[in-house]
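Working notes for the structure below.
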Amino acid sequence: MTARRFSGRPSWRPNVAGFVTVAICVLAWEMTIQVGIFDYQYLPAPSAIVRGAGELAASGELITATLHTLESVFLGWAVAVAAGISLGLLLGSSPLLRRYSLATIEVLRPMPAIAFVPVALLLFGFSIQTELMVIVLPSLWPVLINTMGGLMEVHARLEEVGRTFRLSRSAILYKVFLPAATPAIMVGVRISLTLAVVLAVLAEMVGNPEGLGYAVVSQQQALRPDLMFVYVVVIGLLGLALNALLVGFVSMSFPAASAEFKGPRS
Amino acid sequence: MAGGETTGQQHRDFVFSCRSVSLKLPYQGGSRWILADISLDIRRGELFTIVGPSGTGKTTLIRVLGGLTPCTSGSVRINGQEIAGPPEGVVIVFQDYSHALLQWRTVYLNVALGIEGQVAASELRSRVVGVLRLVGLEKNADDYPWQLSGGMQQRVQIARALAVRPAVLLMDEPFAALDAMTKASLQDELLRVKQETGCSIVFITHDIEEAVYLGDRIAVISGTPGRIERTFDVPLPKPRDQIITRQSTEFLKFRYAVHQAIGGMTR
């Protein structure tokens, strides 16, 4: 029983009950518009959105915008994860570094990402660098904080086990501390990915005029709400798919960590 | 009775020699003495039990022997060498197996921890399998620790320590968290393992019967800070048996004597 539950293999049973709710909502939306309960000029019915999706897919605009956004999400997230884990490891293992840097982190951390857009635009203009600047810093914090916290929460006994077996300091770090902190690190990595998607879209809406975020804005300005909604839905699906991919990857790569990882610790 | 007559070539007979070991630790802004003037010798190949009530520094003493905590004054020698950090050939088996095992590693990989990268792959495999067989866990090599019962997890920890072929096993109340039946079977297993490997064992416990049943010698530690009040030789016949040994007159006599030694001190 327990073994099954923790064995880390994602079970791919379709969530029928969940799909029913989604289907009912979409159907209700379609009905209210068809029947005319809601009569807004710019609120399209789901059927119109589906038609719009076909249009955008055929013209290739949808795939171009999606690929651009994916590229900035991945670049930004990769930089945030690499920097966050490295800094988190340093801070998690050195009380001295923590004493000097935690105050700075607490000042920087609550800064709203959008405040960086004007600065980024001045520095990098309409470019993917602008997007990256907006993405990286905010998605760095969850990784850094979770890595640091994960290391600090490793039970003192585990370090003593490493010492009694006369492991070197570096061996204790990568054989004991790092794997013990992996579930916490992965939580940070996952939060960071979700943030990166949101931030990429945001940066495209108000900064670099490319990708899904800009497409939403430009379709709105073109008074094509049906096409605008296509992009909104695609952004949602993108976030869902990336998260699912990451969860699957983690439960495959770290079977023992995934029991904790799948928990609602975000 | 007390192993006091130590001069000259003693480190052939003794693995550990402690002389006037005292230790204080920081405590609520000040500091507090945990161990006072501990002198004892652990003979090569013996099972030395240290028994005493909680709060007498038993665990601290084993940490000092294991090189995890340096003593404030006095000297601790292993094979004649002053210790500085965890000595080679000495491994601690901790009480809290759930914290001491690497939960993300299988039983096999837990046991390999102390020797991986130091011995050839084939040697590693045969040693791990060997010690797993010794503690009766050869079928559980691929399980994770959290899939095992408490007694089995503690066996994994013992196997992990044995895999490095230690000269001395330091055991800190290893069976305290286990139920009575598991405890009894692990006690017998430990005696069997000791016979097969020939290692010396220092075994901390607060269970007087356990101390008498397992020990070749017993030290009674008592008071705050902890002192060694007495040591007893326990010439009970071997192999020991959970029923026969425990109901023998000598066993009861030792149990009584240790009880008196502890009781006399705490009053």
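Naming scheme: A, B, ... for chains in displayed order of the structure tokens; residues 1 onward per chain; ligands 1 onward as shown.
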
Practice task
Compute the chain B side of the contact with chain A at 6 Å, counting only C-alpha atoms, and hand it back as a VMD selection string.
Solution key: chain B and resid 86 91 100 104 114

Selection export as an mmCIF file, in the first residue's frame, atoms kept: C-alpha atoms:
data_model
loop_
_atom_site.group_PDB
_atom_site.id
_atom_site.type_symbol
_atom_site.label_atom_id
_atom_site.label_comp_id
_atom_site.auth_asym_id
_atom_site.auth_seq_id
_atom_site.Cartn_x
_atom_site.Cartn_y
_atom_site.Cartn_z
ATOM 1 C CA PRO B 86 36.536 10.487 13.888
ATOM 2 C CA VAL B 91 31.971 3.729 13.569
ATOM 3 C CA ALA B 100 20.700 8.143 10.494
ATOM 4 C CA TRP B 104 16.685 8.345 -0.625
ATOM 5 C CA GLY B 114 31.216 3.991 3.985
#

Handout entry: Exercise: Leu108 in chain A partners within 10 Å, only C-alpha atoms, chain neighbours under 3 positions left out, as JSON, numbers by chain
Key = {"A": [102, 103, 104, 105, 111, 112, 137, 138, 141]}

Problem - alpha helix (DSSP H) call set, DSSP backbone run, range 36-118 of chain B, as a PyMOL selection string - result: chain B and resi 58-65+97-100+107-112

Exercise for the section: Grab the CA of Val90 in chain B to CA of Ile158 in chain B distance for me, in Å with one decimal place. Expected result: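 So the two atoms, CA of Val90 in chain B and CA of Ile158 in chain B, lie 12.6 Å apart.
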
Assign secondary structure with DSSP using the backbone only, and return the residues of range 22-203 of chain B in strand (DSSP E) as a CSV table (one decimal) with N, CA and C atoms, in the first residue's frame.
chain,number,residue,atom,x,y,z
B,22,SER,N,37.1,15.2,30.8
B,22,SER,CA,36.0,16.0,31.2
B,22,SER,C,35.6,16.8,30.0
B,23,LEU,N,34.3,17.2,30.1
B,23,LEU,CA,33.8,17.9,28.9
B,23,LEU,C,32.7,18.9,29.4
B,24,LYS,N,32.8,20.2,28.9
B,24,LYS,CA,31.7,21.1,29.1
B,24,LYS,C,31.2,21.6,27.8
B,25,LEU,N,29.9,21.8,27.8
B,25,LEU,CA,29.3,22.3,26.6
B,25,LEU,C,28.6,23.6,26.9
B,26,PRO,N,28.5,24.5,25.9
B,26,PRO,CA,27.8,25.8,26.1
B,26,PRO,C,26.3,25.5,26.4
B,27,TYR,N,25.8,26.2,27.3
B,27,TYR,CA,24.4,26.0,27.7
B,27,TYR,C,23.8,27.3,28.2
B,30,GLY,N,25.8,30.3,29.3
B,30,GLY,CA,27.0,29.9,30.1
B,30,GLY,C,27.5,28.6,29.6
B,31,SER,N,28.0,27.8,30.4
B,31,SER,CA,28.4,26.5,30.0
B,31,SER,C,28.1,25.5,31.2
B,32,ARG,N,28.1,24.2,30.8
B,32,ARG,CA,27.7,23.2,31.8
B,32,ARG,C,28.6,22.0,31.6
B,33,TRP,N,29.1,21.4,32.7
B,33,TRP,CA,29.9,20.2,32.7
B,33,TRP,C,29.0,19.0,32.4
B,34,ILE,N,29.4,18.2,31.4
B,34,ILE,CA,28.6,17.1,31.1
B,34,ILE,C,29.3,15.8,31.6
B,35,LEU,N,30.6,15.8,31.4
B,35,LEU,CA,31.4,14.6,31.8
B,35,LEU,C,32.5,15.1,32.8
B,36,ALA,N,32.7,14.3,33.8
B,36,ALA,CA,33.7,14.7,34.8
B,36,ALA,C,34.7,13.5,35.0
B,37,ASP,N,35.9,13.7,34.7
B,37,ASP,CA,37.0,12.8,35.2
B,37,ASP,C,36.7,11.4,34.8
B,38,ILE,N,36.4,11.1,33.5
B,38,ILE,CA,36.2,9.8,33.1
B,38,ILE,C,37.5,9.1,32.7
B,39,SER,N,37.8,8.0,33.4
B,39,SER,CA,38.9,7.2,33.0
B,39,SER,C,38.5,5.8,32.8
B,40,LEU,N,38.7,5.3,31.5
B,40,LEU,CA,38.3,3.9,31.3
B,40,LEU,C,39.1,3.3,30.1
B,41,ASP,N,39.2,2.0,30.1
B,41,ASP,CA,39.9,1.3,29.0
B,41,ASP,C,39.0,0.3,28.4
B,42,ILE,N,39.0,0.3,27.1
B,42,ILE,CA,38.2,-0.7,26.4
B,42,ILE,C,39.1,-1.8,25.9
B,43,ARG,N,38.9,-3.0,26.3
B,43,ARG,CA,39.8,-4.1,25.9
B,43,ARG,C,39.5,-4.5,24.5
B,47,LEU,N,32.9,-6.7,24.6
B,47,LEU,CA,31.7,-5.9,24.5
B,47,LEU,C,31.6,-5.2,25.8
B,48,PHE,N,31.8,-3.9,25.8
B,48,PHE,CA,31.8,-3.0,27.0
B,48,PHE,C,30.5,-2.3,27.0
B,49,THR,N,29.7,-2.5,28.0
B,49,THR,CA,28.4,-1.8,28.1
B,49,THR,C,28.6,-0.6,29.1
B,50,ILE,N,28.0,0.5,28.8
B,50,ILE,CA,27.9,1.6,29.7
B,50,ILE,C,26.5,1.9,30.0
B,51,VAL,N,26.1,1.8,31.3
B,51,VAL,CA,24.7,1.9,31.7
B,51,VAL,C,24.6,3.0,32.7
B,73,SER,N,39.1,18.6,28.6
B,73,SER,CA,40.4,18.2,29.2
B,73,SER,C,40.5,16.7,29.3
B,74,GLY,N,41.7,16.3,29.5
B,74,GLY,CA,41.9,14.8,29.6
B,74,GLY,C,42.4,14.3,28.2
B,75,SER,N,42.6,13.0,28.1
B,75,SER,CA,43.0,12.4,26.9
B,75,SER,C,42.2,11.2,26.5
B,76,VAL,N,42.0,11.1,25.2
B,76,VAL,CA,41.3,9.9,24.6
B,76,VAL,C,42.3,9.3,23.6
B,77,ARG,N,42.7,8.1,23.8
B,77,ARG,CA,43.6,7.5,22.9
B,77,ARG,C,43.0,6.2,22.3
B,78,ILE,N,43.3,6.1,21.0
B,78,ILE,CA,42.9,4.8,20.3
B,78,ILE,C,44.1,4.2,19.8
B,81,GLN,N,47.1,6.3,20.0
B,81,GLN,CA,47.1,7.6,19.4
B,81,GLN,C,46.0,8.5,19.9
B,82,GLU,N,46.4,9.7,20.3
B,82,GLU,CA,45.4,10.7,20.7
B,82,GLU,C,44.4,10.9,19.5
B,90,VAL,N,36.6,3.2,13.5
B,90,VAL,CA,35.6,3.3,14.6
B,90,VAL,C,34.3,3.9,13.9
B,91,VAL,N,33.2,3.2,14.2
B,91,VAL,CA,32.0,3.7,13.6
B,91,VAL,C,30.9,3.8,14.6
B,92,ILE,N,30.1,4.9,14.6
B,92,ILE,CA,29.0,5.0,15.6
B,92,ILE,C,27.7,4.5,14.9
B,93,VAL,N,27.0,3.7,15.7
B,93,VAL,CA,25.6,3.3,15.3
B,93,VAL,C,24.7,4.2,16.2
B,168,VAL,N,36.2,-1.1,16.1
B,168,VAL,CA,35.4,-0.8,17.2
B,168,VAL,C,34.0,-0.3,16.7
B,169,LEU,N,33.0,-0.8,17.3
B,169,LEU,CA,31.6,-0.3,17.0
B,169,LEU,C,31.1,0.4,18.2
B,170,LEU,N,30.8,1.7,18.0
B,170,LEU,CA,30.2,2.5,19.2
B,170,LEU,C,28.7,2.5,19.0
B,171,MET,N,28.0,2.0,19.9
B,171,MET,CA,26.5,1.9,19.8
B,171,MET,C,25.8,2.7,20.8
B,172,ASP,N,25.1,3.7,20.4
B,172,ASP,CA,24.4,4.6,21.3
B,172,ASP,C,22.9,4.2,21.5
B,200,SER,N,35.5,-5.0,18.6
B,200,SER,CA,35.2,-4.5,19.9
B,200,SER,C,33.9,-3.7,19.9
B,201,ILE,N,33.1,-3.7,20.9
B,201,ILE,CA,31.9,-2.9,20.9
B,201,ILE,C,31.8,-2.2,22.2
B,202,VAL,N,31.5,-0.9,22.1
B,202,VAL,CA,31.1,-0.1,23.2
B,202,VAL,C,29.6,0.1,23.1
B,203,PHE,N,28.8,-0.3,24.1
B,203,PHE,CA,27.4,-0.3,23.9
B,203,PHE,C,26.7,0.5,25.1

Exercise for the section: Could you check which of A:Val206, A:Leu193, A:Ile24, A:Val117 is closest to Ala244 in chain A, using only C-alpha atoms? Expected result: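 Smallest separation from Ala244 in chain A among the options: A:Leu193.
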
Exercise for the section: Name all residues at most 8 Å from range 47-58 of chain A (count only C-alpha atoms; drop same-chain ones fewer than 3 positions away) and give them as a list of chain:residue names. Expected result: A:Glu30, A:Pro44, A:Glu61, A:Leu62, A:Ile63, A:Asp226, A:Leu227, A:Phe229, A:Val230

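Using only C-alpha atoms, the contacts of Tyr108 in chain B at a cut-off of 8 Å, with sequence neighbours closer than 6 positions omitted, comprise B:Val128, B:Val129, B:Ala141, B:Asp142.
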
Using N, CA and C atoms, can you write the selected residues to a file as a short mmCIF file (atom, residue, chain, number, x, y, z; two decimals), in the first residue's frame?
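Output below, filename part.cif:
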data_model
loop_
_atom_site.label_atom_id
_atom_site.label_comp_id
_atom_site.auth_asym_id
_atom_site.auth_seq_id
_atom_site.Cartn_x
_atom_site.Cartn_y
_atom_site.Cartn_z
N VAL B 128 28.97 -5.76 0.75
CA VAL B 128 27.61 -5.32 1.09
C VAL B 128 26.69 -6.53 1.24
N VAL B 129 26.78 -7.43 0.27
CA VAL B 129 25.93 -8.62 0.33
C VAL B 129 26.27 -9.44 1.58
N ALA B 141 17.72 -5.86 -0.07
CA ALA B 141 18.74 -4.95 -0.60
C ALA B 141 18.15 -3.80 -1.40
N ASP B 142 17.07 -4.05 -2.13
CA ASP B 142 16.52 -3.02 -3.01
C ASP B 142 15.39 -2.22 -2.37
#

Problem - Long-range neighbours of Gly263 in chain B as a list in words, 10 Å cut-off, only C-alpha atoms, 4 positions minimum in chain - result: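 Selected residues are Gly52, Pro53, Ser222, Ala257, Val258, His259 and Arg267 of chain B.
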
Selection above as a file: N, CA and C atoms, as a short mmCIF file (atom, residue, chain, number, x, y, z; two decimals), in the first residue's frame:
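The result, stored in again35.cif:
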data_model
loop_
_atom_site.label_atom_id
_atom_site.label_comp_id
_atom_site.auth_asym_id
_atom_site.auth_seq_id
_atom_site.Cartn_x
_atom_site.Cartn_y
_atom_site.Cartn_z
N GLY B 52 23.47 3.72 32.57
CA GLY B 52 23.21 4.81 33.51
C GLY B 52 21.92 5.50 33.16
N PRO B 53 21.38 6.27 34.10
CA PRO B 53 20.12 6.97 33.84
C PRO B 53 20.31 8.06 32.78
N SER B 222 26.97 7.79 36.21
CA SER B 222 25.91 8.36 37.04
C SER B 222 26.22 9.80 37.40
N ALA B 257 23.43 -5.91 41.54
CA ALA B 257 24.61 -5.10 41.86
C ALA B 257 24.62 -3.80 41.05
N VAL B 258 24.30 -3.90 39.76
CA VAL B 258 24.29 -2.70 38.91
C VAL B 258 23.20 -1.75 39.38
N HIS B 259 22.07 -2.35 39.70
CA HIS B 259 20.95 -1.56 40.22
C HIS B 259 21.36 -0.77 41.45
N ARG B 267 20.52 8.79 44.64
CA ARG B 267 19.85 9.22 45.85
C ARG B 267 20.48 10.48 46.41
#

Handout entry: A:Gly207, A:Val233, A:Gly239, A:Leu43 ranked by distance to Phe116 in chain A, top pick (using only C-alpha atoms)
Key =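 Nearest candidate to Phe116 in chain A out of A:Gly207, A:Val233, A:Gly239, A:Leu43: A:Gly207.
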
Handout entry: Residues within 7 Å of Arg44 in chain B, only C-alpha atoms, excluding chain neighbours under 5 positions, as a ChimeraX atom specification
Key = /B:13-15,200

Exercise for the section: Quote the spacing between CA of Ile235 in chain A and CA of Thr69 in chain A in Å to one decimal place. Expected result: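 Separation of CA of Ile235 in chain A and CA of Thr69 in chain A: 9.2 Å.
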
Exercise for the section: State, in Å with one decimal place, the distance from CA of Leu70 in chain A to CA of Leu199 in chain A. Expected result: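 It comes out at 11.7 Å.
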
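With distances restricted to only C-alpha atoms, B:Glu46 is the closest residue to Leu214 in chain B from B:Thr106, B:Glu46, B:Thr231, B:Leu113.
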
Handout entry: Nearest to Leu144 in chain A, chosen from A:Ser168, A:Ser127, A:Ser93, A:Ser86, with only C-alpha atoms counted in the distances
Key = A:Ser86

Practice task
Could you tell me which of B:Gly130, B:Ala167, B:Gln103, B:Asp216 comes closest to Asp143 in chain B if we count only C-alpha atoms?
Solution key: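 Smallest separation from Asp143 in chain B among the options: B:Gln103.
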
Problem - Contacts of Trp77 in chain A at 6 Å (only C-alpha atoms; same-chain gap of 4+ positions) as a VMD selection string - result: chain A and resid 73 81 196

Exercise for the section: Select, from B:Leu109, B:Asp179, B:Ala84, B:Thr56, the residue with the minimum atom-to-atom distance to Leu68 in chain B, counting only C-alpha atoms. Expected result: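 Checking each of B:Leu109, B:Asp179, B:Ala84, B:Thr56 against Leu68 in chain B, counting only C-alpha atoms, the winner is B:Ala84.
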